[in-house]
Amino acid sequence: MLVRVTRDYYDKDAGKKLRSRGALLDYEDAKRAEELIAKGVAVAANVETVAKTKAAPRAAKK
């Protein structure tokens with residue numbers, strides 16, 4: 001599960017590693033991610049895929 005950190009905290013599961021605000025983390029264990037969201041130190045993040053579109057050709061300048 002993908003989460004974005006909202007405030008600095010020390011992650012006990014990662015050997016008390018500091019997780020900084022704004023970091024994007026991918027937890028394989030969704031249960032751990034839900035715990036962090038419930039504590040208020042992270043929010044769920046979404047990945048959006050955008051299709052590439054072709055731009056229209058511009059008119060030549062005179």
# chains A, B, ... in the order shown; residues from 1 in each chain; ligands from 1
>>> residues_around(residues="A:Tyr27", least_positions_apart="4", cutoff="10 Å", atoms="only C-alpha atoms", output="ChimeraX atom specification")
/A:1-3,31-34
>>> residues_around(residues="A:Leu36", least_positions_apart="2", cutoff="12 Å", atoms="only C-alpha atoms", output="JSON, numbers by chain")
{"A": [1, 2, 3, 4, 5, 6, 7, 8, 9, 10, 11, 12, 13, 19, 25, 27, 29, 30, 31, 32, 33, 34, 38, 39, 40, 41, 42, 43, 44]}
>>> write_last_selection(atoms="N, CA, C and O atoms", output="mmCIF file, in the first residue's frame")
data_model
loop_
_atom_site.group_PDB
_atom_site.id
_atom_site.type_symbol
_atom_site.label_atom_id
_atom_site.label_comp_id
_atom_site.auth_asym_id
_atom_site.auth_seq_id
_atom_site.Cartn_x
_atom_site.Cartn_y
_atom_site.Cartn_z
ATOM 1 N N MET A 1 0.853 -1.176 0.000
ATOM 2 C CA MET A 1 0.000 0.000 0.000
ATOM 3 C C MET A 1 0.895 1.234 0.000
ATOM 4 O O MET A 1 1.876 1.300 0.729
ATOM 5 N N LEU A 2 0.542 2.184 -0.778
ATOM 6 C CA LEU A 2 1.306 3.410 -0.920
ATOM 7 C C LEU A 2 0.785 4.463 0.051
ATOM 8 O O LEU A 2 -0.413 4.725 0.095
ATOM 9 N N VAL A 3 1.702 5.046 0.861
ATOM 10 C CA VAL A 3 1.313 6.077 1.820
ATOM 11 C C VAL A 3 2.266 7.256 1.723
ATOM 12 O O VAL A 3 3.425 7.105 1.353
ATOM 13 N N ARG A 4 1.765 8.450 2.050
ATOM 14 C CA ARG A 4 2.577 9.667 2.107
ATOM 15 C C ARG A 4 2.650 10.087 3.567
ATOM 16 O O ARG A 4 1.637 10.198 4.244
ATOM 17 N N VAL A 5 3.867 10.326 4.063
ATOM 18 C CA VAL A 5 4.092 10.692 5.453
ATOM 19 C C VAL A 5 3.682 12.142 5.670
ATOM 20 O O VAL A 5 4.068 13.026 4.910
ATOM 21 N N THR A 6 2.872 12.381 6.730
ATOM 22 C CA THR A 6 2.382 13.736 7.004
ATOM 23 C C THR A 6 3.151 14.422 8.122
ATOM 24 O O THR A 6 3.078 15.635 8.255
ATOM 25 N N ARG A 7 3.856 13.648 8.958
ATOM 26 C CA ARG A 7 4.711 14.247 9.990
ATOM 27 C C ARG A 7 5.859 13.286 10.293
ATOM 28 O O ARG A 7 5.723 12.072 10.127
ATOM 29 N N ASP A 8 6.997 13.827 10.706
ATOM 30 C CA ASP A 8 8.179 13.024 10.986
ATOM 31 C C ASP A 8 7.910 12.031 12.114
ATOM 32 O O ASP A 8 7.247 12.366 13.092
ATOM 33 N N TYR A 9 8.425 10.815 11.951
ATOM 34 C CA TYR A 9 8.324 9.809 13.010
ATOM 35 C C TYR A 9 9.439 8.789 12.839
ATOM 36 O O TYR A 9 10.035 8.677 11.779
ATOM 37 N N TYR A 10 9.734 8.065 13.915
ATOM 38 C CA TYR A 10 10.716 6.992 13.875
ATOM 39 C C TYR A 10 9.974 5.677 13.708
ATOM 40 O O TYR A 10 9.130 5.321 14.518
ATOM 41 N N ASP A 11 10.290 4.946 12.650
ATOM 42 C CA ASP A 11 9.621 3.693 12.334
ATOM 43 C C ASP A 11 10.254 2.554 13.124
ATOM 44 O O ASP A 11 11.392 2.175 12.873
ATOM 45 N N LYS A 12 9.530 2.012 14.086
ATOM 46 C CA LYS A 12 10.043 0.932 14.925
ATOM 47 C C LYS A 12 10.287 -0.338 14.124
ATOM 48 O O LYS A 12 11.208 -1.094 14.413
ATOM 49 N N ASP A 13 9.457 -0.599 13.118
ATOM 50 C CA ASP A 13 9.611 -1.803 12.304
ATOM 51 C C ASP A 13 10.840 -1.749 11.409
ATOM 52 O O ASP A 13 11.314 -2.777 10.939
ATOM 53 N N ARG A 19 11.459 8.637 9.384
ATOM 54 C CA ARG A 19 10.659 8.839 8.175
ATOM 55 C C ARG A 19 10.280 10.309 8.140
ATOM 56 O O ARG A 19 9.619 10.820 9.036
ATOM 57 N N LEU A 25 6.051 6.173 0.775
ATOM 58 C CA LEU A 25 6.475 4.833 1.170
ATOM 59 C C LEU A 25 5.520 3.795 0.607
ATOM 60 O O LEU A 25 4.313 3.998 0.574
ATOM 61 N N TYR A 27 4.384 0.138 1.451
ATOM 62 C CA TYR A 27 4.385 -0.961 2.406
ATOM 63 C C TYR A 27 3.774 -2.188 1.760
ATOM 64 O O TYR A 27 2.678 -2.132 1.199
ATOM 65 N N ASP A 29 3.004 -4.751 3.561
ATOM 66 C CA ASP A 29 2.035 -5.157 4.571
ATOM 67 C C ASP A 29 0.984 -4.059 4.722
ATOM 68 O O ASP A 29 1.253 -3.017 5.311
ATOM 69 N N ALA A 30 -0.195 -4.280 4.188
ATOM 70 C CA ALA A 30 -1.249 -3.263 4.241
ATOM 71 C C ALA A 30 -1.684 -2.996 5.678
ATOM 72 O O ALA A 30 -2.117 -1.890 5.995
ATOM 73 N N LYS A 31 -1.542 -3.992 6.549
ATOM 74 C CA LYS A 31 -1.932 -3.820 7.948
ATOM 75 C C LYS A 31 -1.085 -2.738 8.612
ATOM 76 O O LYS A 31 -1.595 -1.888 9.336
ATOM 77 N N ARG A 32 0.228 -2.740 8.357
ATOM 78 C CA ARG A 32 1.127 -1.732 8.926
ATOM 79 C C ARG A 32 0.775 -0.349 8.372
ATOM 80 O O ARG A 32 0.770 0.645 9.087
ATOM 81 N N ALA A 33 0.474 -0.261 7.105
ATOM 82 C CA ALA A 33 0.105 1.016 6.495
ATOM 83 C C ALA A 33 -1.184 1.545 7.122
ATOM 84 O O ALA A 33 -1.285 2.737 7.409
ATOM 85 N N GLU A 34 -2.152 0.665 7.372
ATOM 86 C CA GLU A 34 -3.411 1.086 7.995
ATOM 87 C C GLU A 34 -3.170 1.575 9.423
ATOM 88 O O GLU A 34 -3.831 2.518 9.870
ATOM 89 N N ALA A 38 -4.135 5.259 10.789
ATOM 90 C CA ALA A 38 -4.975 5.425 11.977
ATOM 91 C C ALA A 38 -4.304 6.322 13.017
ATOM 92 O O ALA A 38 -4.982 7.087 13.706
ATOM 93 N N LYS A 39 -2.966 6.260 13.125
ATOM 94 C CA LYS A 39 -2.233 7.095 14.077
ATOM 95 C C LYS A 39 -2.119 8.536 13.593
ATOM 96 O O LYS A 39 -1.786 9.430 14.359
ATOM 97 N N GLY A 40 -2.357 8.763 12.314
ATOM 98 C CA GLY A 40 -2.328 10.114 11.774
ATOM 99 C C GLY A 40 -0.964 10.569 11.292
ATOM 100 O O GLY A 40 -0.756 11.756 11.068
ATOM 101 N N VAL A 41 -0.015 9.643 11.118
ATOM 102 C CA VAL A 41 1.310 10.038 10.633
ATOM 103 C C VAL A 41 1.446 9.847 9.127
ATOM 104 O O VAL A 41 2.442 10.262 8.534
ATOM 105 N N ALA A 42 0.426 9.247 8.489
ATOM 106 C CA ALA A 42 0.478 9.027 7.048
ATOM 107 C C ALA A 42 -0.934 9.066 6.475
ATOM 108 O O ALA A 42 -1.913 8.882 7.200
ATOM 109 N N VAL A 43 -1.010 9.318 5.178
ATOM 110 C CA VAL A 43 -2.280 9.259 4.451
ATOM 111 C C VAL A 43 -2.087 8.370 3.233
ATOM 112 O O VAL A 43 -0.984 8.256 2.703
ATOM 113 N N ALA A 44 -3.151 7.731 2.811
ATOM 114 C CA ALA A 44 -3.084 6.863 1.640
ATOM 115 C C ALA A 44 -2.785 7.691 0.393
ATOM 116 O O ALA A 44 -3.293 8.803 0.242
#
>>> select_by_dssp(residues="chain A", states="strand (DSSP E)", output="PyMOL selection string")
chain A and resi 2-5+9-11+17-19+24-26+42-44
>>> write_last_selection(atoms="N, CA and C atoms", output="compact mmCIF listing (two decimals), in the first residue's frame")
# COMPACT_ATOMS: atom_id res chain seq x y z
N LEU A 2 0.54 2.18 -0.78
CA LEU A 2 1.31 3.41 -0.92
C LEU A 2 0.79 4.46 0.05
N VAL A 3 1.70 5.05 0.86
CA VAL A 3 1.31 6.08 1.82
C VAL A 3 2.27 7.26 1.72
N ARG A 4 1.76 8.45 2.05
CA ARG A 4 2.58 9.67 2.11
C ARG A 4 2.65 10.09 3.57
N VAL A 5 3.87 10.33 4.06
CA VAL A 5 4.09 10.69 5.45
C VAL A 5 3.68 12.14 5.67
N TYR A 9 8.42 10.81 11.95
CA TYR A 9 8.32 9.81 13.01
C TYR A 9 9.44 8.79 12.84
N TYR A 10 9.73 8.07 13.92
CA TYR A 10 10.72 6.99 13.88
C TYR A 10 9.97 5.68 13.71
N ASP A 11 10.29 4.95 12.65
CA ASP A 11 9.62 3.69 12.33
C ASP A 11 10.25 2.55 13.12
N LYS A 17 14.21 3.91 12.09
CA LYS A 17 14.64 4.80 11.01
C LYS A 17 13.70 6.00 10.94
N LEU A 18 14.26 7.19 10.78
CA LEU A 18 13.46 8.40 10.69
C LEU A 18 12.76 8.47 9.34
N ARG A 19 11.46 8.64 9.38
CA ARG A 19 10.66 8.84 8.18
C ARG A 19 10.28 10.31 8.14
N LEU A 24 7.27 9.31 0.34
CA LEU A 24 6.30 8.38 -0.24
C LEU A 24 6.82 6.97 0.04
N LEU A 25 6.05 6.17 0.78
CA LEU A 25 6.47 4.83 1.17
C LEU A 25 5.52 3.79 0.61
N ASP A 26 6.08 2.65 0.19
CA ASP A 26 5.29 1.55 -0.32
C ASP A 26 5.42 0.39 0.66
N ALA A 42 0.43 9.25 8.49
CA ALA A 42 0.48 9.03 7.05
C ALA A 42 -0.93 9.07 6.48
N VAL A 43 -1.01 9.32 5.18
CA VAL A 43 -2.28 9.26 4.45
C VAL A 43 -2.09 8.37 3.23
N ALA A 44 -3.15 7.73 2.81
CA ALA A 44 -3.08 6.86 1.64
C ALA A 44 -2.79 7.69 0.39
>>> atom_distance(atom1="atom CA of A:Ala14", atom2="atom CA of A:Glu48")
27.9 Å
>>> decode(residues="chain A", atoms="C-alpha atoms", output="PDB file, in the first residue's frame")
ATOM      1  CA  MET A   1       0.000   0.000   0.000  1.00  0.00           C
ATOM      2  CA  LEU A   2       1.306   3.410  -0.920  1.00  0.00           C
ATOM      3  CA  VAL A   3       1.313   6.077   1.820  1.00  0.00           C
ATOM      4  CA  ARG A   4       2.577   9.667   2.107  1.00  0.00           C
ATOM      5  CA  VAL A   5       4.092  10.692   5.453  1.00  0.00           C
ATOM      6  CA  THR A   6       2.382  13.736   7.004  1.00  0.00           C
ATOM      7  CA  ARG A   7       4.711  14.247   9.990  1.00  0.00           C
ATOM      8  CA  ASP A   8       8.179  13.024  10.986  1.00  0.00           C
ATOM      9  CA  TYR A   9       8.324   9.809  13.010  1.00  0.00           C
ATOM     10  CA  TYR A  10      10.716   6.992  13.875  1.00  0.00           C
ATOM     11  CA  ASP A  11       9.621   3.693  12.334  1.00  0.00           C
ATOM     12  CA  LYS A  12      10.043   0.932  14.925  1.00  0.00           C
ATOM     13  CA  ASP A  13       9.611  -1.803  12.304  1.00  0.00           C
ATOM     14  CA  ALA A  14      12.547  -0.414  10.293  1.00  0.00           C
ATOM     15  CA  GLY A  15      15.063  -0.225  13.163  1.00  0.00           C
ATOM     16  CA  LYS A  16      13.910   3.210  14.381  1.00  0.00           C
ATOM     17  CA  LYS A  17      14.644   4.802  11.012  1.00  0.00           C
ATOM     18  CA  LEU A  18      13.464   8.403  10.693  1.00  0.00           C
ATOM     19  CA  ARG A  19      10.659   8.839   8.175  1.00  0.00           C
ATOM     20  CA  SER A  20      10.496  12.436   7.013  1.00  0.00           C
ATOM     21  CA  ARG A  21       7.397  14.451   6.219  1.00  0.00           C
ATOM     22  CA  GLY A  22       6.455  14.275   2.541  1.00  0.00           C
ATOM     23  CA  ALA A  23       8.151  10.896   1.922  1.00  0.00           C
ATOM     24  CA  LEU A  24       6.304   8.384  -0.237  1.00  0.00           C
ATOM     25  CA  LEU A  25       6.475   4.833   1.170  1.00  0.00           C
ATOM     26  CA  ASP A  26       5.287   1.553  -0.319  1.00  0.00           C
ATOM     27  CA  TYR A  27       4.385  -0.961   2.406  1.00  0.00           C
ATOM     28  CA  GLU A  28       3.949  -4.577   1.320  1.00  0.00           C
ATOM     29  CA  ASP A  29       2.035  -5.157   4.571  1.00  0.00           C
ATOM     30  CA  ALA A  30      -1.249  -3.263   4.241  1.00  0.00           C
ATOM     31  CA  LYS A  31      -1.932  -3.820   7.948  1.00  0.00           C
ATOM     32  CA  ARG A  32       1.127  -1.732   8.926  1.00  0.00           C
ATOM     33  CA  ALA A  33       0.105   1.016   6.495  1.00  0.00           C
ATOM     34  CA  GLU A  34      -3.411   1.086   7.995  1.00  0.00           C
ATOM     35  CA  GLU A  35      -1.884   1.422  11.499  1.00  0.00           C
ATOM     36  CA  LEU A  36       0.111   4.478  10.398  1.00  0.00           C
ATOM     37  CA  ILE A  37      -2.950   6.026   8.784  1.00  0.00           C
ATOM     38  CA  ALA A  38      -4.975   5.425  11.977  1.00  0.00           C
ATOM     39  CA  LYS A  39      -2.233   7.095  14.077  1.00  0.00           C
ATOM     40  CA  GLY A  40      -2.328  10.114  11.774  1.00  0.00           C
ATOM     41  CA  VAL A  41       1.310  10.038  10.633  1.00  0.00           C
ATOM     42  CA  ALA A  42       0.478   9.027   7.048  1.00  0.00           C
ATOM     43  CA  VAL A  43      -2.280   9.259   4.451  1.00  0.00           C
ATOM     44  CA  ALA A  44      -3.084   6.863   1.640  1.00  0.00           C
ATOM     45  CA  ALA A  45      -1.598   7.842  -1.716  1.00  0.00           C
ATOM     46  CA  ASN A  46      -2.907   7.020  -5.176  1.00  0.00           C
ATOM     47  CA  VAL A  47      -1.030   6.551  -8.413  1.00  0.00           C
ATOM     48  CA  GLU A  48      -2.777   7.855 -11.482  1.00  0.00           C
ATOM     49  CA  THR A  49      -1.790   6.752 -14.965  1.00  0.00           C
ATOM     50  CA  VAL A  50      -2.242   9.386 -17.635  1.00  0.00           C
ATOM     51  CA  ALA A  51      -2.506   8.469 -21.286  1.00  0.00           C
ATOM     52  CA  LYS A  52      -0.137  10.304 -23.581  1.00  0.00           C
ATOM     53  CA  THR A  53      -1.969  12.502 -26.088  1.00  0.00           C
ATOM     54  CA  LYS A  54      -0.616  14.058 -29.240  1.00  0.00           C
ATOM     55  CA  ALA A  55      -0.513  17.846 -29.385  1.00  0.00           C
ATOM     56  CA  ALA A  56      -2.068  19.565 -32.365  1.00  0.00           C
ATOM     57  CA  PRO A  57       0.476  21.083 -34.794  1.00  0.00           C
ATOM     58  CA  ARG A  58       1.001  24.816 -34.391  1.00  0.00           C
ATOM     59  CA  ALA A  59       0.354  27.290 -37.161  1.00  0.00           C
ATOM     60  CA  ALA A  60       3.439  28.833 -38.757  1.00  0.00           C
ATOM     61  CA  LYS A  61       4.207  32.453 -37.822  1.00  0.00           C
ATOM     62  CA  LYS A  62       4.181  35.057 -40.569  1.00  0.00           C
TER      63      LYS A  62
END
